[in-house]
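Chemist: Below are the structure tokens for one structure; questions will follow.
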Amino acid sequence: MSNNNDILWITGGRIIDPANNRDETADLYAVKGLLVEALSDDQKANAHKVDASGLVVSPGLVDIHVHFRDPGQTHKESIRSGSEAAAAGGYTSVVCMPNTNPVCDNAGTIQRINDTVRQNAVIRVQTTGCLTIGMNGEQLAPTGQLKEAGIVAVTDDGKCVQSNEIMRRAVEYAKMFDLPVMDHCQDASLTEGAVMNEGEWSLKLGLRGWPKAAEDIIVARNTVLAELTGAHIHMQHVSSAASVDILRQAIARGIPVSGEASPHHIEFTDACLKDYDTLYKMNPPLRADADREALIKGLCDGTLACIATDHAPHTPTEKDQEFDYAPFGIIGLENALASTLETLYHSGRCSLNEVLALMTYKGAEICKLNAGTLSNGAPADICILDPEETWTVDPEQFFSHSSNCPWNGRKLRGRVKGTYVAGRQVFDGDKITV
Amino acid sequence: MSQNLDWSRKDLIDLKPLSRAEIETIFKAAASFQKALQKKNKKQPYLEGRTVVNLFLEPSTRTRLAFEAAAQNLSADTITVSASASSLTKGESLRDTARNLKALQADVIIMRHSASGAPNYLSKVVDIPVINAGDGSHAHPTQALLDAFTLIDKLGPLDGKKITILGDILFSRVARSNIICLQKLGAEVTIAGPSTLVPEGFSAMGVRVCHDLQPALENADAVMLLRIQHERQSSSHFPSIGEYTRIFGLNKARAKWLKPDALIMHPGPINRGVEIDSELADSPQSVILEQVTNGILVRMAVLHLCHCHHRGLKIKLPA
């Protein structure tokens, strides 16, 4: 083991550590994978030195909503390729959804994933467990055993629990293990056959509309259940203005709820579907401009806690078909920082500090991850970025196995120049280095 | 006969991008075929030696037969593929099916598909003309063209004419294409029917949305009836067929609200006694069967124009 991996010295960068309200030009030090206040002269002499002058040094980004398709659908993504994509996007911690094949409703599957993570992942990859067996919304999954196996949250992800009774018991049960419940808020009876937002564009395109009410009803239900049980319910990829309002009121009343927004919902609207481009087909669907605005406002005023990508890989063949038949979902890990900077920072809506807060410690807090800060003693998980550098998105160059990315061909400002996990470089701004 | 004809498209997917002049070009061509069809030999030579494939992935009688007749009247060879007889049931993708049709020397593909946007997609994966014969709830351009052609034939120019479309608008590709077409031709369009099938959101397209039959029909120059599309809707959109007929069915008493001699139209298939009284369907005001015949003419026109443009041929019409 060389000293270079043990001691890291990042010089001259603008350190932005939102969790600690820190924004200054300074050096950053790490020893044996943890951040330290200073290095001795002897340590400095042996340190791996990185010049970050002119760049921003941020905590490694945290994404609490990704799909790595491993096990079961590794033709779309794997823990290796997904974690490389994350590293290239500046992420050092991600939380995987449990809709693998088999699904994560048993401790054995979690152990298997964690084994693969240990062998193949280039960043920290966390697991979630199903709320119910088979994600069928009928019988509680063995949450206690899943917790022992290492999950950080429970969720039935794409299959929102429809029964209010099961949901009530599931969140009540999860609370005992101090696990947040993450919910994909969708009333299935309102969205049968639906493929896009219900509104002017669904009427024009003749595509089956998906009313915002399908989300709002479940966000409202979850708020009621969080108040009843005291369990923390986190609303995934909020897409509707009314849902933001429900959350805002609930948080003001002290109810333990939170929400996330995805980079695509704050940038695109349902008008993007005008040519039936399946790269804009996602669940929940892109909404109207007023919703997009409400999400941005919710992120700025703290109603929505964090940005999460819902990185959902699908092969080109799967996306290359009639709109009705193509699967929902897009990938986002490798452009999320840049597109979020464009939407929130370069647009003048938020400070750089605020954007990085949404992409680091605030998500980590929801899943109680030891991540997202540059505190002394914290893991030396770091993202070095140039918020101004312009680049053109080319999914063919992505580390992800998949390329279903609607930012394809777009010029974005904000580039990851280096990613470090436990003080070790995993991405150098160009290639994976582990 | 050679005229100044405004046409530079190889596909007809949707009427949205068409100018009024382009729509009128189609009508000029259709009118010239109308005269030619009355001659002893209906055949026109324009698609001789060409193969027209009817890829009908959803059931159809009128539209498929009218396209077949149109292609044959233009001397094309026709091949018809239905969903049950195609490799799509064996898991072949639409891209591969279309490329195989091209490899089998298809010169034009006419497609009916249950998924909205499928012909938009098809036109991107093959370079031969693609004609939309109806896609999901999105568009049915040739139906709207034949409806407008029929209206103009009977009423003259449509500027300022009041046309009401009554029935299941939400799931209707015919309604969507008709709204676009009629508006381009200067007509005032009202859509009417139950609120669950005629959502207010349509008013953003510049139509009047009406859930009360009398104001919807009063002073209309024509009413287009649409069938209730059981295959596209869940049972929650209205209580029952009986209730629909009671509140929105067109009968003789309600037809009196229309202008005298107003036209009654229907794209078919009609459900007698449901959306329209049997007697009215057979009344002198009904032009339902003329619509069918005109369907051949406008489809001949569309096939001819798209083929000429694709091949770089000068557009000729029968004298």
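How things are named: the first chain in the structure tokens is A, the next is B, and so on; residues count from 1 in each chain; ligands count from 1 in the order shown.
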As a ChimeraX atom specification, please: the residues near Glu322 of chain A (cut-off 10 Å, only C-alpha atoms, same-chain neighbours under 3 positions excluded).
Modeler: /A:276-278,318-319,325-326 /B:93-95,113-122
Chemist: Please report, as a PyMOL selection string, each residue of segment 9-251 of chain B to which DSSP assigns helix (DSSP H, G or I) when run on this structure's backbone.
Modeler: chain B and resi 20-37+62-73+83-85+87-90+94-103+118-125+141-155+173-184+200-205+213-217+230-232+235-237+241-248
Chemist: Give me a file of those residues, with C-alpha atoms, as a short mmCIF file (atom, residue, chain, number, x, y, z; two decimals), in the first residue's frame.
Modeler:
```cif
data_model
loop_
_atom_site.label_atom_id
_atom_site.label_comp_id
_atom_site.auth_asym_id
_atom_site.auth_seq_id
_atom_site.Cartn_x
_atom_site.Cartn_y
_atom_site.Cartn_z
CA ARG B 20 -54.54 25.11 -45.91
CA ALA B 21 -53.04 25.17 -49.41
CA GLU B 22 -51.69 21.65 -48.96
CA ILE B 23 -55.07 20.39 -47.80
CA GLU B 24 -56.67 22.06 -50.81
CA THR B 25 -54.12 20.36 -53.06
CA ILE B 26 -55.34 17.01 -51.77
CA PHE B 27 -58.92 18.07 -52.50
CA LYS B 28 -58.01 19.17 -56.05
CA ALA B 29 -56.46 15.81 -56.72
CA ALA B 30 -59.40 13.99 -55.11
CA ALA B 31 -61.85 15.98 -57.24
CA SER B 32 -60.00 15.06 -60.43
CA PHE B 33 -60.13 11.40 -59.43
CA GLN B 34 -63.84 11.79 -58.70
CA LYS B 35 -64.47 12.58 -62.35
CA ALA B 36 -62.14 9.85 -63.56
CA LEU B 37 -63.86 7.23 -61.41
CA ARG B 62 -63.78 0.70 -44.11
CA THR B 63 -60.38 2.31 -43.92
CA ARG B 64 -58.50 -0.80 -45.01
CA LEU B 65 -60.81 -1.51 -47.91
CA ALA B 66 -60.81 2.11 -49.00
CA PHE B 67 -57.00 2.20 -48.98
CA GLU B 68 -56.89 -1.07 -50.92
CA ALA B 69 -59.37 0.24 -53.45
CA ALA B 70 -57.48 3.52 -53.71
CA ALA B 71 -54.16 1.80 -54.33
CA GLN B 72 -55.69 -0.57 -56.85
CA ASN B 73 -57.43 2.29 -58.66
CA ALA B 83 -51.93 -8.03 -36.69
CA SER B 84 -52.83 -11.65 -36.15
CA ALA B 85 -51.02 -12.70 -39.33
CA SER B 87 -44.63 -11.55 -36.93
CA LEU B 88 -45.40 -8.83 -34.39
CA THR B 89 -47.31 -11.54 -32.55
CA LYS B 90 -44.03 -13.50 -32.49
CA LEU B 94 -42.19 -2.58 -35.44
CA ARG B 95 -38.79 -1.39 -36.67
CA ASP B 96 -37.89 -4.89 -37.87
CA THR B 97 -41.32 -5.53 -39.40
CA ALA B 98 -41.09 -2.28 -41.33
CA ARG B 99 -37.55 -2.91 -42.52
CA ASN B 100 -38.59 -6.36 -43.71
CA LEU B 101 -41.48 -4.86 -45.64
CA LYS B 102 -39.03 -2.48 -47.25
CA ALA B 103 -36.74 -5.42 -48.08
CA ALA B 118 -46.55 4.73 -33.97
CA PRO B 119 -46.54 6.19 -37.53
CA ASN B 120 -44.35 9.10 -36.39
CA TYR B 121 -41.91 6.45 -35.22
CA LEU B 122 -42.31 4.35 -38.38
CA SER B 123 -41.57 7.32 -40.64
CA LYS B 124 -38.24 7.71 -38.86
CA VAL B 125 -37.17 4.10 -39.35
CA PRO B 141 -55.75 12.25 -41.19
CA THR B 142 -57.41 10.64 -44.20
CA GLN B 143 -60.70 10.32 -42.31
CA ALA B 144 -60.64 14.03 -41.52
CA LEU B 145 -59.76 14.81 -45.12
CA LEU B 146 -62.62 12.75 -46.50
CA ASP B 147 -64.99 14.35 -43.99
CA ALA B 148 -63.94 17.84 -45.02
CA PHE B 149 -64.05 16.90 -48.70
CA THR B 150 -67.62 15.66 -48.22
CA LEU B 151 -68.61 18.80 -46.33
CA ILE B 152 -67.18 21.10 -49.00
CA ASP B 153 -68.86 19.04 -51.71
CA LYS B 154 -72.22 19.65 -50.01
CA LEU B 155 -71.83 23.03 -48.33
CA ARG B 173 -58.33 10.09 -33.36
CA VAL B 174 -61.06 11.04 -35.82
CA ALA B 175 -62.12 13.93 -33.60
CA ARG B 176 -58.58 15.19 -33.13
CA SER B 177 -57.81 15.16 -36.85
CA ASN B 178 -61.17 16.71 -37.66
CA ILE B 179 -60.68 19.55 -35.20
CA ILE B 180 -57.34 20.39 -36.82
CA CYS B 181 -58.58 20.01 -40.39
CA LEU B 182 -61.83 21.93 -39.97
CA GLN B 183 -60.10 24.78 -38.18
CA LYS B 184 -57.51 25.07 -40.94
CA GLU B 200 -62.63 20.99 -20.86
CA GLY B 201 -58.94 20.81 -21.73
CA PHE B 202 -59.84 20.57 -25.41
CA SER B 203 -60.82 24.23 -25.35
CA ALA B 204 -57.07 24.99 -25.51
CA MET B 205 -57.30 23.80 -29.13
CA LEU B 213 -76.80 18.84 -26.43
CA GLN B 214 -79.20 21.58 -27.45
CA PRO B 215 -76.71 24.49 -27.54
CA ALA B 216 -74.19 22.11 -29.08
CA LEU B 217 -76.49 21.34 -32.01
CA HIS B 230 -65.47 0.42 -25.82
CA GLU B 231 -62.04 -0.94 -26.73
CA ARG B 232 -60.20 2.17 -25.54
CA SER B 235 -66.11 1.27 -17.71
CA SER B 236 -65.84 4.34 -15.52
CA HIS B 237 -66.35 6.96 -18.21
CA ILE B 241 -75.07 2.78 -23.13
CA GLY B 242 -78.72 3.39 -22.26
CA GLU B 243 -77.84 6.54 -20.35
CA TYR B 244 -75.60 7.73 -23.16
CA THR B 245 -78.37 7.31 -25.73
CA ARG B 246 -80.86 9.01 -23.45
CA ILE B 247 -78.68 12.09 -22.87
CA PHE B 248 -76.53 12.32 -26.01
#
```
Chemist: Define the interface residues of chain A facing chain B as those within 7 Å, counting only C-alpha atoms, and report them as a compact mmCIF listing (two decimals) with all heavy atoms, in the first residue's frame.
Modeler:
```txt
# COMPACT_ATOMS: atom_id res chain seq x y z
N GLY A 199 -53.11 16.36 -19.52
CA GLY A 199 -53.18 17.80 -19.73
C GLY A 199 -53.28 18.10 -21.20
O GLY A 199 -53.62 17.24 -22.02
N GLU A 200 -52.96 19.33 -21.53
CA GLU A 200 -53.06 19.80 -22.91
C GLU A 200 -52.31 18.86 -23.87
O GLU A 200 -52.81 18.52 -24.94
CB GLU A 200 -52.48 21.21 -22.96
CG GLU A 200 -52.62 21.90 -24.29
CD GLU A 200 -51.84 23.21 -24.33
OE1 GLU A 200 -51.48 23.75 -23.27
OE2 GLU A 200 -51.57 23.69 -25.45
N LEU A 203 -53.87 15.42 -24.45
CA LEU A 203 -55.03 15.55 -25.34
C LEU A 203 -54.58 15.69 -26.78
O LEU A 203 -55.12 15.09 -27.70
CB LEU A 203 -55.88 16.75 -24.94
CG LEU A 203 -56.69 16.61 -23.64
CD1 LEU A 203 -57.48 17.87 -23.37
CD2 LEU A 203 -57.62 15.40 -23.70
N LEU A 205 -51.68 14.75 -28.14
CA LEU A 205 -50.93 13.61 -28.67
C LEU A 205 -51.77 12.33 -28.69
O LEU A 205 -51.36 11.33 -29.27
CB LEU A 205 -49.67 13.39 -27.84
CG LEU A 205 -48.64 14.52 -27.94
CD1 LEU A 205 -47.56 14.36 -26.87
CD2 LEU A 205 -48.01 14.55 -29.33
N GLY A 206 -52.93 12.38 -28.02
CA GLY A 206 -53.75 11.17 -27.97
C GLY A 206 -53.13 10.08 -27.13
O GLY A 206 -53.38 8.91 -27.35
N LEU A 207 -52.27 10.47 -26.18
CA LEU A 207 -51.68 9.49 -25.28
C LEU A 207 -52.47 9.47 -23.97
O LEU A 207 -53.01 10.50 -23.55
CB LEU A 207 -50.22 9.84 -25.01
CG LEU A 207 -49.26 9.65 -26.20
CD1 LEU A 207 -47.88 10.23 -25.89
CD2 LEU A 207 -49.14 8.18 -26.60
N TYR A 276 -43.15 12.22 -29.55
CA TYR A 276 -43.24 10.85 -29.06
C TYR A 276 -41.86 10.25 -28.77
O TYR A 276 -41.63 9.06 -29.00
CB TYR A 276 -44.00 9.94 -30.05
CG TYR A 276 -45.42 10.36 -30.31
CD1 TYR A 276 -45.75 11.20 -31.37
CD2 TYR A 276 -46.44 9.92 -29.49
CE1 TYR A 276 -47.06 11.59 -31.61
CE2 TYR A 276 -47.76 10.30 -29.71
CZ TYR A 276 -48.05 11.13 -30.77
OH TYR A 276 -49.35 11.50 -31.00
N GLN A 321 -39.11 1.81 -29.51
CA GLN A 321 -40.37 1.24 -29.98
C GLN A 321 -41.50 2.24 -29.79
O GLN A 321 -41.26 3.39 -29.43
CB GLN A 321 -40.66 -0.10 -29.29
CG GLN A 321 -40.55 -0.06 -27.77
CD GLN A 321 -40.78 -1.44 -27.16
OE1 GLN A 321 -41.52 -2.25 -27.72
NE2 GLN A 321 -40.18 -1.71 -26.02
N GLU A 322 -42.72 1.79 -30.08
CA GLU A 322 -43.87 2.66 -29.95
C GLU A 322 -43.91 3.23 -28.53
O GLU A 322 -43.61 2.53 -27.56
CB GLU A 322 -45.16 1.87 -30.22
CG GLU A 322 -45.28 1.32 -31.64
CD GLU A 322 -44.70 -0.07 -31.81
OE1 GLU A 322 -43.63 -0.37 -31.22
OE2 GLU A 322 -45.29 -0.87 -32.56
N PHE A 323 -44.34 4.49 -28.40
CA PHE A 323 -44.30 5.17 -27.11
C PHE A 323 -45.03 4.37 -26.03
O PHE A 323 -44.55 4.23 -24.91
CB PHE A 323 -44.91 6.57 -27.24
CG PHE A 323 -44.59 7.46 -26.07
CD1 PHE A 323 -43.46 8.26 -26.08
CD2 PHE A 323 -45.41 7.49 -24.95
CE1 PHE A 323 -43.13 9.06 -24.99
CE2 PHE A 323 -45.10 8.29 -23.86
CZ PHE A 323 -43.96 9.08 -23.88
N ASP A 324 -46.21 3.85 -26.36
CA ASP A 324 -46.99 3.09 -25.37
C ASP A 324 -46.22 1.90 -24.82
O ASP A 324 -46.45 1.48 -23.70
CB ASP A 324 -48.29 2.56 -26.01
CG ASP A 324 -49.38 3.63 -26.05
OD1 ASP A 324 -49.20 4.69 -25.42
OD2 ASP A 324 -50.41 3.40 -26.73
```
Chemist: Which one of B:Leu47, B:Val298, B:Ile270, B:Leu197 sits closest to Asp282 of chain B if you count only C-alpha atoms?
Modeler: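 Among B:Leu47, B:Val298, B:Ile270, B:Leu197, it is B:Ile270 that comes nearest to Asp282 of chain B.
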Chemist: Skipping near chain neighbours, those fewer than 6 positions away, what residues fall within 10 Å of Leu356 of chain A using only C-alpha atoms, listed as a list in words?
Modeler: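 The contact residues come out as Ile16, Asp17, Pro18, Ala19, Ser58, Pro59, Gly60, Leu61, Val62, Cys306, Ile307, Leu337, Thr340, Leu341, Tyr345, Cys350, Lys362 and Gly372 of chain A.
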Chemist: Could the residues in this selection be saved with N, CA and C atoms as a PDB file, in the first residue's frame?
Modeler:
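The resulting file, out38.pdb, is reproduced below:
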```pdb
ATOM      1  N   ILE A  16     -16.539  24.007  -0.459  1.00  0.00           N
ATOM      2  CA  ILE A  16     -17.938  24.294  -0.124  1.00  0.00           C
ATOM      3  C   ILE A  16     -18.479  23.072   0.606  1.00  0.00           C
ATOM      4  N   ASP A  17     -18.813  23.265   1.862  1.00  0.00           N
ATOM      5  CA  ASP A  17     -19.313  22.165   2.701  1.00  0.00           C
ATOM      6  C   ASP A  17     -20.619  22.633   3.331  1.00  0.00           C
ATOM      7  N   PRO A  18     -21.709  22.476   2.618  1.00  0.00           N
ATOM      8  CA  PRO A  18     -22.970  23.096   3.065  1.00  0.00           C
ATOM      9  C   PRO A  18     -23.386  22.670   4.466  1.00  0.00           C
ATOM     10  N   ALA A  19     -23.130  21.434   4.827  1.00  0.00           N
ATOM     11  CA  ALA A  19     -23.563  20.960   6.148  1.00  0.00           C
ATOM     12  C   ALA A  19     -22.918  21.772   7.256  1.00  0.00           C
ATOM     13  N   SER A  58     -16.137  19.829  -3.029  1.00  0.00           N
ATOM     14  CA  SER A  58     -17.431  19.606  -2.374  1.00  0.00           C
ATOM     15  C   SER A  58     -17.421  18.224  -1.736  1.00  0.00           C
ATOM     16  N   PRO A  59     -18.295  17.996  -0.767  1.00  0.00           N
ATOM     17  CA  PRO A  59     -18.480  16.597  -0.353  1.00  0.00           C
ATOM     18  C   PRO A  59     -18.885  15.772  -1.580  1.00  0.00           C
ATOM     19  N   GLY A  60     -18.515  14.511  -1.596  1.00  0.00           N
ATOM     20  CA  GLY A  60     -18.984  13.643  -2.667  1.00  0.00           C
ATOM     21  C   GLY A  60     -20.500  13.670  -2.701  1.00  0.00           C
ATOM     22  N   LEU A  61     -21.074  13.640  -3.913  1.00  0.00           N
ATOM     23  CA  LEU A  61     -22.523  13.765  -4.034  1.00  0.00           C
ATOM     24  C   LEU A  61     -23.212  12.487  -3.528  1.00  0.00           C
ATOM     25  N   VAL A  62     -24.459  12.666  -3.122  1.00  0.00           N
ATOM     26  CA  VAL A  62     -25.244  11.567  -2.547  1.00  0.00           C
ATOM     27  C   VAL A  62     -26.558  11.473  -3.311  1.00  0.00           C
ATOM     28  N   CYS A 306     -34.096  17.130  -1.179  1.00  0.00           N
ATOM     29  CA  CYS A 306     -32.906  16.806  -1.967  1.00  0.00           C
ATOM     30  C   CYS A 306     -33.242  16.525  -3.426  1.00  0.00           C
ATOM     31  N   ILE A 307     -32.150  16.473  -4.202  1.00  0.00           N
ATOM     32  CA  ILE A 307     -32.206  16.033  -5.592  1.00  0.00           C
ATOM     33  C   ILE A 307     -31.851  14.551  -5.627  1.00  0.00           C
ATOM     34  N   LEU A 337     -25.328  16.548 -11.940  1.00  0.00           N
ATOM     35  CA  LEU A 337     -24.726  17.742 -11.338  1.00  0.00           C
ATOM     36  C   LEU A 337     -24.837  18.917 -12.318  1.00  0.00           C
ATOM     37  N   THR A 340     -28.522  19.998 -12.942  1.00  0.00           N
ATOM     38  CA  THR A 340     -29.078  20.672 -11.769  1.00  0.00           C
ATOM     39  C   THR A 340     -28.444  22.047 -11.581  1.00  0.00           C
ATOM     40  N   LEU A 341     -27.152  22.136 -11.837  1.00  0.00           N
ATOM     41  CA  LEU A 341     -26.510  23.461 -11.776  1.00  0.00           C
ATOM     42  C   LEU A 341     -27.149  24.408 -12.787  1.00  0.00           C
ATOM     43  N   TYR A 345     -28.650  26.834 -10.391  1.00  0.00           N
ATOM     44  CA  TYR A 345     -27.569  27.766 -10.064  1.00  0.00           C
ATOM     45  C   TYR A 345     -27.317  28.760 -11.207  1.00  0.00           C
ATOM     46  N   CYS A 350     -30.680  29.556  -7.158  1.00  0.00           N
ATOM     47  CA  CYS A 350     -30.062  29.114  -5.894  1.00  0.00           C
ATOM     48  C   CYS A 350     -28.571  29.454  -5.928  1.00  0.00           C
ATOM     49  N   LYS A 362     -28.157  16.608   2.529  1.00  0.00           N
ATOM     50  CA  LYS A 362     -29.592  16.564   2.819  1.00  0.00           C
ATOM     51  C   LYS A 362     -30.208  15.211   2.455  1.00  0.00           C
ATOM     52  N   GLY A 372     -21.805  12.975   2.882  1.00  0.00           N
ATOM     53  CA  GLY A 372     -22.338  14.271   2.468  1.00  0.00           C
ATOM     54  C   GLY A 372     -21.769  15.474   3.180  1.00  0.00           C
TER      55      GLY A 372
END
```
Chemist: Determine, counting only C-alpha atoms, which protein, DNA and RNA residues have an atom within 10 Å of an atom of segment 69-85 of chain A; residues of the same chain fewer than 6 positions away are not included. Present the result as a count of residues only.
Modeler: 51
Chemist: Residues of segment 158-304 of chain B in strand (DSSP E or B) according to DSSP, as a ChimeraX atom specification?
Modeler: /B:162-166,188-192,208-210,222-225,250,263-265,272,276,286
Chemist: Measuring atom to atom with only C-alpha atoms, identify which of B:Ser75, B:Asn132, B:Ser8, B:Thr164 is nearest to His211 of chain B.
Modeler: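 For His211 of chain B, the nearest of the given residues is B:Thr164.
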Chemist: Set the distance at 8 Å and use only C-alpha atoms: which residues neighbour Gln162 of chain A once local chain neighbours fewer than 3 positions away are removed? I'd like the list as a list in words.
Modeler: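 The neighbour list is Gly137, Met167, Asp187 and Ala188 of chain A.
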